[in-house]
Amino acid sequence: MDNGGVSWATMRSLTRDSSVTRQRLPPGLAKRILDYARPYTRIIVPFLLVVAATAVLGVVTPLLFKAIIDRGIVPGKLHVVVWLSVGVAGVALLEAALTLLQRWFSSRLGEGLIYDLRRDVFDHVQRMPLAFFVRAQTGALTSRLNSDVIGAQRALTSTLSAVVSNVLSLVLVLAAMFALSWQITLIALALLPLFLFPVRWVGKRLQRVTREQMAVDAEMSSLMTERFGVGGAMLTKLYGRADEETEQFARKAERVRDLGVLSAMYSRVFFVGLTLVAALATAVAYGLGGTLVIGGSLQLGTLVALTTLLTRLYGPLTSLSNVHVDVMTALVSFHRVFEVLDLPPMIRERENAIELPRGSAGLEFDSVSFHYPGPEEVSLASLESVARAESSPAQQVLYDVTFRAEPGEMIALVGHSGAGKTTIGHLAGRLYEVDSGSVRIGGHDIRNVTLSSLYSTIGMVTQEAHLFHDTIRANLAYAAPGATDAELHRVLRTAQLEELLDELPEGLDTVVGDRGYRLSGGEKQRLAIARLLLKQPPIVVLDEATAHLDSRSEAAVQQALRTALTGRTSVVIAHRLATIRRADRILVIAEGRVVEQGTHEQLLERGGHYAELYRTQFDERSGQRPDGDPALSAGPAEASRRPEEPARGS
């Protein structure tokens, strides 16, 4: 019995969850799959022809064995034996060549389909709004690009070839066997339940074990991902939980081990059963066939051909008995991929969108109201870590926000946490869509301009600067891929990072580590500012951009920002009021509304919200004047007495 090929494919199908057959798939799914397959028609057609030819050759060889014995060996015709033996060798060589050709077609088709699906899903996800990424679980998204895409690919390679090959093999084998001896064929088929029923029993348990294996593997991978990250490793060390974490991991790894042993035993039971039934069928065939040969009603070569064909009967029969699970598994994988592709991005570029003119431009909010979208608007329940419906209505975040920043003007946004300051910054860059009102740049509603021109016009530095696990050069060049080393050094010098670069042996080619953890908080922030300076956008949004800097670094970066922001429209979101005293206008945000606006001095004189915030910060700093901020008024000597920034990697 061939324990490779069909047998392994059969066992794999038995490990798949049969519950997929109960899922309701949307209409038109098959048509969409065919649309993806259509570009590969020139590969699919010869691929199926090669599969069919391979199935035919599987029956030809036993028939040649029959001819060698009955027409050559028994009558003593040596030349017949020689030529038919050469024919068997030729069939073997042809079958090997067809197998390689089938693999080549399968790889071209499968890998091409994987590429198309991954490219489309990745491109689509990149265009989703920020709210999508806030809700979606990264691991679930990655799974759609990996396991689901590969599962969909199998629909046009493994499953398709297996169905075609098994159907043809079964038809040809049964036809040949019935033609040779209908009695032995019926007995062989009668033995099938002896194998099929135990296999079904094993299959259900394999499915349960496989489901649990996947779940435990996912838990173990999630645990490793969280604990091996810099943040997770630091938390484990700070709280002294290394032993408990090892115990927790060991429990999961132990369960993976036990399930692996159980799965291996069930798999071996499957192969033992398959081999045993084939051996019983062969014994019956030889017993009955031998009697018929002795009685003269059956030729010896026919008996040899029948026993050889028997080895090619049970595998296809068992595979086809479970083919509906294979097909539905592939269709469900396609459906899960299409689910993501069908999720419409909330931020879309309109037809006939115009290019924003490059150059100095003002920023205007006109009666803007906004609420953060709910999960049903931006995400899929299956992509969220906790897939449940939210009954509470979405809360309004901004109410009728109106202000204008003239070209080159600096506007500051202040207020308590949760007031809506960061949301205003996000709306300026169209990371979210306003509910009502409009955001305009240079007099153009940003919903009517091309996204590329909008993103090149506005730049942002957030409180948590994100760096890729790459070199300093690559992280900077993300803003301007064609930037020269001289330009990179210029922005690093402006961001007060030239001294750091001189200390690093690899300079611009220094890898910053996962999320930039090899750098200190202040260094990461200055690198993000340098990246912004390289982009040179006409409008800049700084969201607590100096929050992680110590006094000396903050003074240096504030000086750099004053130079960099000259002539540019800027919106500065700040918690420390001293950092925005020199803003042209300060907007006080409270509960999603602009409750005050004016200059620093004007707002203090009014004695309203701003004055209260100012006095609160004065009390928090234990008598130190908030307007005595080192970034704006302290000299070098005073700044040098401030606590220094922690060392890199601390």
# chains A, B, ... in the order shown; residues from 1 in each chain; ligands from 1
call {"tool": "closest_atom_pairs", "arguments": {"of": "stretch 395-426 of chain A", "to": "stretch 576-597 of chain A", "cutoff": "7 Å", "atoms": "only C-alpha atoms", "output": "CSV"}}
result
residue,atom,partner,partner_atom,distance
A:Val397,CA,A:Gly592,CA,5.4
A:Leu398,CA,A:Gly592,CA,4.0
A:Tyr399,CA,A:Arg593,CA,5.5
A:Asp400,CA,A:Arg593,CA,6.9
A:Val401,CA,A:Arg593,CA,5.9
A:Glu409,CA,A:Asp584,CA,6.3
A:Met410,CA,A:Ala583,CA,5.3
A:Ile411,CA,A:Arg585,CA,5.1
A:Ala412,CA,A:Ile586,CA,4.7
A:Leu413,CA,A:Leu587,CA,4.9
A:Val414,CA,A:Val588,CA,5.0
A:Gly415,CA,A:Ile589,CA,5.1
A:Ala419,CA,A:Glu591,CA,4.8
A:Gly420,CA,A:Gly592,CA,5.2
A:Lys421,CA,A:Ile589,CA,6.7
call {"tool": "residues_around", "arguments": {"residues": "stretch 295-298 of chain A", "least_positions_apart": "5", "cutoff": "9 Å", "atoms": "only C-alpha atoms", "output": "CSV table (one decimal) with N, CA and C atoms, in the first residue's frame"}}
result
chain,number,residue,atom,x,y,z
A,180,LEU,N,-11.1,-7.1,-15.2
A,180,LEU,CA,-10.3,-8.2,-15.0
A,180,LEU,C,-11.0,-9.3,-14.2
A,181,SER,N,-11.7,-8.9,-13.1
A,181,SER,CA,-12.5,-9.9,-12.3
A,181,SER,C,-13.5,-9.2,-11.5
A,289,GLY,N,-8.3,-15.5,-6.0
A,289,GLY,CA,-7.7,-15.4,-7.3
A,289,GLY,C,-6.9,-16.6,-7.6
A,290,GLY,N,-6.1,-17.1,-6.5
A,290,GLY,CA,-5.3,-18.2,-6.7
A,290,GLY,C,-6.1,-19.5,-7.0
A,303,LEU,N,-4.3,-11.9,-12.0
A,303,LEU,CA,-4.2,-11.9,-10.5
A,303,LEU,C,-3.2,-10.9,-10.0
call {"tool": "residues_around", "arguments": {"residues": "A:Phe105", "least_positions_apart": "5", "cutoff": "8 Å", "atoms": "only C-alpha atoms", "output": "ChimeraX atom specification"}}
result
/A:43-44,46-47
call {"tool": "write_last_selection", "arguments": {"atoms": "C-alpha atoms", "output": "JSON list (two decimals), in the first residue's frame"}}
result
[["chain", "number", "residue", "atom", "x", "y", "z"],
["A", 43, "ILE", "CA", -1.41, 27.13, -16.16],
["A", 44, "ILE", "CA", -4.58, 25.46, -14.80],
["A", 46, "PRO", "CA", -2.11, 21.95, -18.61],
["A", 47, "PHE", "CA", -1.90, 21.35, -14.85]]
call {"tool": "closest_residue", "arguments": {"among": "A:Ala574, A:Val461, A:Leu343, A:Ala555", "to": "A:Ala528", "atoms": "only C-alpha atoms"}}
result
A:Val461
call {"tool": "residues_around", "arguments": {"residues": "A:Thr484", "least_positions_apart": "4", "cutoff": "12 Å", "atoms": "only C-alpha atoms", "output": "short mmCIF file (atom, residue, chain, number, x, y, z; two decimals) with C-alpha atoms, in the first residue's frame"}}
result
data_model
loop_
_atom_site.label_atom_id
_atom_site.label_comp_id
_atom_site.auth_asym_id
_atom_site.auth_seq_id
_atom_site.Cartn_x
_atom_site.Cartn_y
_atom_site.Cartn_z
CA ARG A 473 19.21 55.81 7.88
CA ALA A 474 16.14 53.74 6.92
CA LEU A 476 14.92 58.81 8.45
CA ALA A 477 14.67 58.03 4.74
CA ALA A 480 12.25 61.07 1.83
CA LEU A 488 20.31 63.20 6.75
CA HIS A 489 23.20 64.69 8.71
CA ARG A 490 21.66 68.16 8.35
CA VAL A 491 18.33 67.18 9.94
CA LEU A 508 23.64 56.03 10.16
CA LEU A 534 13.45 65.85 6.33
#
call {"tool": "closest_residue", "arguments": {"among": "A:Val571, A:Ser106, A:Val540, A:Thr422", "to": "A:Phe403", "atoms": "only C-alpha atoms"}}
result
A:Val571
call {"tool": "residues_around", "arguments": {"residues": "A:Leu172", "least_positions_apart": "4", "cutoff": "8 Å", "atoms": "only C-alpha atoms", "output": "list in words"}}
result
Val56, Val59, Leu168 and Ala176 of chain A
call {"tool": "residues_around", "arguments": {"residues": "A:Leu100", "least_positions_apart": "6", "cutoff": "12 Å", "atoms": "only C-alpha atoms", "output": "mmCIF file with C-alpha atoms, in the first residue's frame"}}
result
data_model
loop_
_atom_site.group_PDB
_atom_site.id
_atom_site.type_symbol
_atom_site.label_atom_id
_atom_site.label_comp_id
_atom_site.auth_asym_id
_atom_site.auth_seq_id
_atom_site.Cartn_x
_atom_site.Cartn_y
_atom_site.Cartn_z
ATOM 1 C CA PHE A 47 -1.903 21.347 -14.848
ATOM 2 C CA VAL A 50 -0.850 16.446 -16.337
ATOM 3 C CA VAL A 51 -2.832 15.342 -13.264
ATOM 4 C CA THR A 54 -0.535 10.771 -14.084
ATOM 5 C CA LEU A 93 10.213 7.552 -16.244
ATOM 6 C CA LEU A 94 7.240 9.298 -17.831
ATOM 7 C CA SER A 106 1.181 23.543 -8.948
ATOM 8 C CA SER A 107 3.912 25.804 -7.561
#
call {"tool": "closest_residue", "arguments": {"among": "A:His416, A:Val149, A:Arg154, A:Gly507", "to": "A:Gln617", "atoms": "only C-alpha atoms"}}
result
A:His416
